[in-house]
Amino acid sequence: MPNSFNDINATSTLIAIAFGVWGSILSFFKRDTKGFKLRKKIFMFFMDMFVNIGITILVYLGLIGYGLNEILSVAISGFIGHQGTRVFYLVELIILEKLGADKTFNKIS
């Protein structure tokens with residue numbers, strides 16, 4: 001178990017970040033972005049990427065701090081990061097549906 005951030009392997013951390021970027025690419029291409037301007041698409045991609053990398057790193061550091069193997073921590077954090085991004089997208093849709101914003105709901109779903 002690492003005692004400080006200096007004890008965490010930098011290579012494993014970079015691989016976890018790469019999984020975060022890969023997960024955001026997958027999440028972005030699952031979205032229906034037809035009819036959006038290029039600027040909106042780029043904004044959505046970067047928001048997906050920042051959320052996904054953030055979730056991935058938080059889970060990775062938590063698992064490493066818990067004492068789990070580095071390779072397993074990287075794999076689990078990449079998967080959880082991707083699923084976390086999907087959860088944010090689904091929560092957006094649920095909120096829009098509950099608020100009755102049908103026009104916006106139809107536009108982003």
# chains A, B, ... in the order shown; residues from 1 in each chain; ligands from 1
>>> closest_atom_pairs(of="range 9-57 of chain A", to="range 79-83 of chain A", cutoff="7 Å", atoms="only C-alpha atoms", output="Markdown table")
| residue | atom | partner | partner_atom | distance |
| --- | --- | --- | --- | --- |
| A:Gly20 | CA | A:Gly81 | CA | 6.3 |
| A:Gly23 | CA | A:His82 | CA | 4.8 |
| A:Ser24 | CA | A:His82 | CA | 6.6 |
| A:Asn52 | CA | A:Gly81 | CA | 5.0 |
| A:Ile53 | CA | A:Gly81 | CA | 6.8 |
| A:Ile55 | CA | A:Gly81 | CA | 5.0 |
| A:Thr56 | CA | A:Gly81 | CA | 4.4 |
>>> closest_residue(among="A:Val51, A:Thr11, A:Lys30, A:Asn6", to="Glu70 in chain A", atoms="only C-alpha atoms")
A:Thr11
>>> atom_distance(atom1="CA of Phe45 in chain A", atom2="CA of Leu90 in chain A")
15.8 Å
>>> atom_distance(atom1="CA of Ala75 in chain A", atom2="CA of Ile94 in chain A")
28.9 Å
>>> closest_residue(among="A:Thr33, A:Ile25, A:Ser73, A:Asn9", to="Leu58 in chain A", atoms="only C-alpha atoms")
A:Ser73
>>> closest_residue(among="A:Phe29, A:Tyr89, A:Phe36, A:Tyr60", to="Ile17 in chain A", atoms="only C-alpha atoms")
A:Tyr60
>>> decode(residues="range 35-65 of chain A", atoms="N, CA and C atoms", output="PDB file, in the first residue's frame")
ATOM      1  N   GLY A  35     -27.072  16.935 -36.081  1.00  0.00           N
ATOM      2  CA  GLY A  35     -27.738  18.224 -35.998  1.00  0.00           C
ATOM      3  C   GLY A  35     -27.044  19.215 -35.077  1.00  0.00           C
ATOM      4  N   PHE A  36     -26.034  18.784 -34.352  1.00  0.00           N
ATOM      5  CA  PHE A  36     -25.282  19.703 -33.488  1.00  0.00           C
ATOM      6  C   PHE A  36     -24.187  20.376 -34.295  1.00  0.00           C
ATOM      7  N   LYS A  37     -23.886  21.595 -33.922  1.00  0.00           N
ATOM      8  CA  LYS A  37     -22.774  22.287 -34.548  1.00  0.00           C
ATOM      9  C   LYS A  37     -21.469  21.687 -34.055  1.00  0.00           C
ATOM     10  N   LEU A  38     -20.410  21.917 -34.811  1.00  0.00           N
ATOM     11  CA  LEU A  38     -19.097  21.356 -34.471  1.00  0.00           C
ATOM     12  C   LEU A  38     -18.636  21.830 -33.095  1.00  0.00           C
ATOM     13  N   ARG A  39     -18.891  23.087 -32.786  1.00  0.00           N
ATOM     14  CA  ARG A  39     -18.491  23.625 -31.483  1.00  0.00           C
ATOM     15  C   ARG A  39     -19.170  22.889 -30.335  1.00  0.00           C
ATOM     16  N   LYS A  40     -20.440  22.587 -30.485  1.00  0.00           N
ATOM     17  CA  LYS A  40     -21.202  21.855 -29.463  1.00  0.00           C
ATOM     18  C   LYS A  40     -20.673  20.428 -29.328  1.00  0.00           C
ATOM     19  N   LYS A  41     -20.346  19.801 -30.463  1.00  0.00           N
ATOM     20  CA  LYS A  41     -19.804  18.444 -30.425  1.00  0.00           C
ATOM     21  C   LYS A  41     -18.466  18.411 -29.704  1.00  0.00           C
ATOM     22  N   ILE A  42     -17.602  19.386 -29.975  1.00  0.00           N
ATOM     23  CA  ILE A  42     -16.292  19.441 -29.309  1.00  0.00           C
ATOM     24  C   ILE A  42     -16.474  19.673 -27.818  1.00  0.00           C
ATOM     25  N   PHE A  43     -17.393  20.565 -27.450  1.00  0.00           N
ATOM     26  CA  PHE A  43     -17.677  20.823 -26.039  1.00  0.00           C
ATOM     27  C   PHE A  43     -18.168  19.562 -25.335  1.00  0.00           C
ATOM     28  N   MET A  44     -19.091  18.832 -25.980  1.00  0.00           N
ATOM     29  CA  MET A  44     -19.618  17.599 -25.386  1.00  0.00           C
ATOM     30  C   MET A  44     -18.516  16.562 -25.225  1.00  0.00           C
ATOM     31  N   PHE A  45     -17.633  16.455 -26.217  1.00  0.00           N
ATOM     32  CA  PHE A  45     -16.544  15.485 -26.125  1.00  0.00           C
ATOM     33  C   PHE A  45     -15.619  15.813 -24.958  1.00  0.00           C
ATOM     34  N   PHE A  46     -15.232  17.089 -24.830  1.00  0.00           N
ATOM     35  CA  PHE A  46     -14.326  17.452 -23.746  1.00  0.00           C
ATOM     36  C   PHE A  46     -14.988  17.303 -22.379  1.00  0.00           C
ATOM     37  N   MET A  47     -16.281  17.570 -22.283  1.00  0.00           N
ATOM     38  CA  MET A  47     -16.976  17.348 -21.012  1.00  0.00           C
ATOM     39  C   MET A  47     -16.985  15.859 -20.673  1.00  0.00           C
ATOM     40  N   ASP A  48     -17.273  15.020 -21.652  1.00  0.00           N
ATOM     41  CA  ASP A  48     -17.213  13.576 -21.431  1.00  0.00           C
ATOM     42  C   ASP A  48     -15.814  13.152 -21.002  1.00  0.00           C
ATOM     43  N   MET A  49     -14.803  13.717 -21.661  1.00  0.00           N
ATOM     44  CA  MET A  49     -13.434  13.331 -21.353  1.00  0.00           C
ATOM     45  C   MET A  49     -13.037  13.735 -19.938  1.00  0.00           C
ATOM     46  N   PHE A  50     -13.346  14.965 -19.532  1.00  0.00           N
ATOM     47  CA  PHE A  50     -12.967  15.417 -18.191  1.00  0.00           C
ATOM     48  C   PHE A  50     -13.695  14.626 -17.109  1.00  0.00           C
ATOM     49  N   VAL A  51     -14.973  14.363 -17.308  1.00  0.00           N
ATOM     50  CA  VAL A  51     -15.727  13.580 -16.330  1.00  0.00           C
ATOM     51  C   VAL A  51     -15.179  12.161 -16.260  1.00  0.00           C
ATOM     52  N   ASN A  52     -14.943  11.561 -17.417  1.00  0.00           N
ATOM     53  CA  ASN A  52     -14.465  10.185 -17.453  1.00  0.00           C
ATOM     54  C   ASN A  52     -13.082  10.050 -16.834  1.00  0.00           C
ATOM     55  N   ILE A  53     -12.171  10.952 -17.165  1.00  0.00           N
ATOM     56  CA  ILE A  53     -10.832  10.886 -16.581  1.00  0.00           C
ATOM     57  C   ILE A  53     -10.893  11.122 -15.083  1.00  0.00           C
ATOM     58  N   GLY A  54     -11.724  12.052 -14.659  1.00  0.00           N
ATOM     59  CA  GLY A  54     -11.860  12.320 -13.228  1.00  0.00           C
ATOM     60  C   GLY A  54     -12.360  11.116 -12.457  1.00  0.00           C
ATOM     61  N   ILE A  55     -13.406  10.485 -12.964  1.00  0.00           N
ATOM     62  CA  ILE A  55     -13.940   9.288 -12.301  1.00  0.00           C
ATOM     63  C   ILE A  55     -12.910   8.174 -12.320  1.00  0.00           C
ATOM     64  N   THR A  56     -12.237   7.982 -13.451  1.00  0.00           N
ATOM     65  CA  THR A  56     -11.236   6.927 -13.569  1.00  0.00           C
ATOM     66  C   THR A  56     -10.102   7.121 -12.570  1.00  0.00           C
ATOM     67  N   ILE A  57      -9.576   8.330 -12.458  1.00  0.00           N
ATOM     68  CA  ILE A  57      -8.466   8.589 -11.535  1.00  0.00           C
ATOM     69  C   ILE A  57      -8.911   8.450 -10.092  1.00  0.00           C
ATOM     70  N   LEU A  58     -10.106   8.934  -9.759  1.00  0.00           N
ATOM     71  CA  LEU A  58     -10.597   8.784  -8.383  1.00  0.00           C
ATOM     72  C   LEU A  58     -10.730   7.315  -7.990  1.00  0.00           C
ATOM     73  N   VAL A  59     -11.298   6.522  -8.877  1.00  0.00           N
ATOM     74  CA  VAL A  59     -11.447   5.089  -8.586  1.00  0.00           C
ATOM     75  C   VAL A  59     -10.084   4.414  -8.524  1.00  0.00           C
ATOM     76  N   TYR A  60      -9.190   4.771  -9.439  1.00  0.00           N
ATOM     77  CA  TYR A  60      -7.849   4.189  -9.450  1.00  0.00           C
ATOM     78  C   TYR A  60      -7.105   4.485  -8.145  1.00  0.00           C
ATOM     79  N   LEU A  61      -7.103   5.742  -7.736  1.00  0.00           N
ATOM     80  CA  LEU A  61      -6.410   6.102  -6.492  1.00  0.00           C
ATOM     81  C   LEU A  61      -7.066   5.442  -5.281  1.00  0.00           C
ATOM     82  N   GLY A  62      -8.372   5.326  -5.308  1.00  0.00           N
ATOM     83  CA  GLY A  62      -9.058   4.649  -4.210  1.00  0.00           C
ATOM     84  C   GLY A  62      -8.692   3.180  -4.117  1.00  0.00           C
ATOM     85  N   LEU A  63      -8.639   2.514  -5.264  1.00  0.00           N
ATOM     86  CA  LEU A  63      -8.295   1.090  -5.262  1.00  0.00           C
ATOM     87  C   LEU A  63      -6.836   0.864  -4.878  1.00  0.00           C
ATOM     88  N   ILE A  64      -5.946   1.732  -5.354  1.00  0.00           N
ATOM     89  CA  ILE A  64      -4.535   1.630  -4.978  1.00  0.00           C
ATOM     90  C   ILE A  64      -4.384   1.882  -3.483  1.00  0.00           C
ATOM     91  N   GLY A  65      -5.086   2.887  -2.978  1.00  0.00           N
ATOM     92  CA  GLY A  65      -5.034   3.185  -1.550  1.00  0.00           C
ATOM     93  C   GLY A  65      -5.595   2.059  -0.703  1.00  0.00           C
TER      94      GLY A  65
END
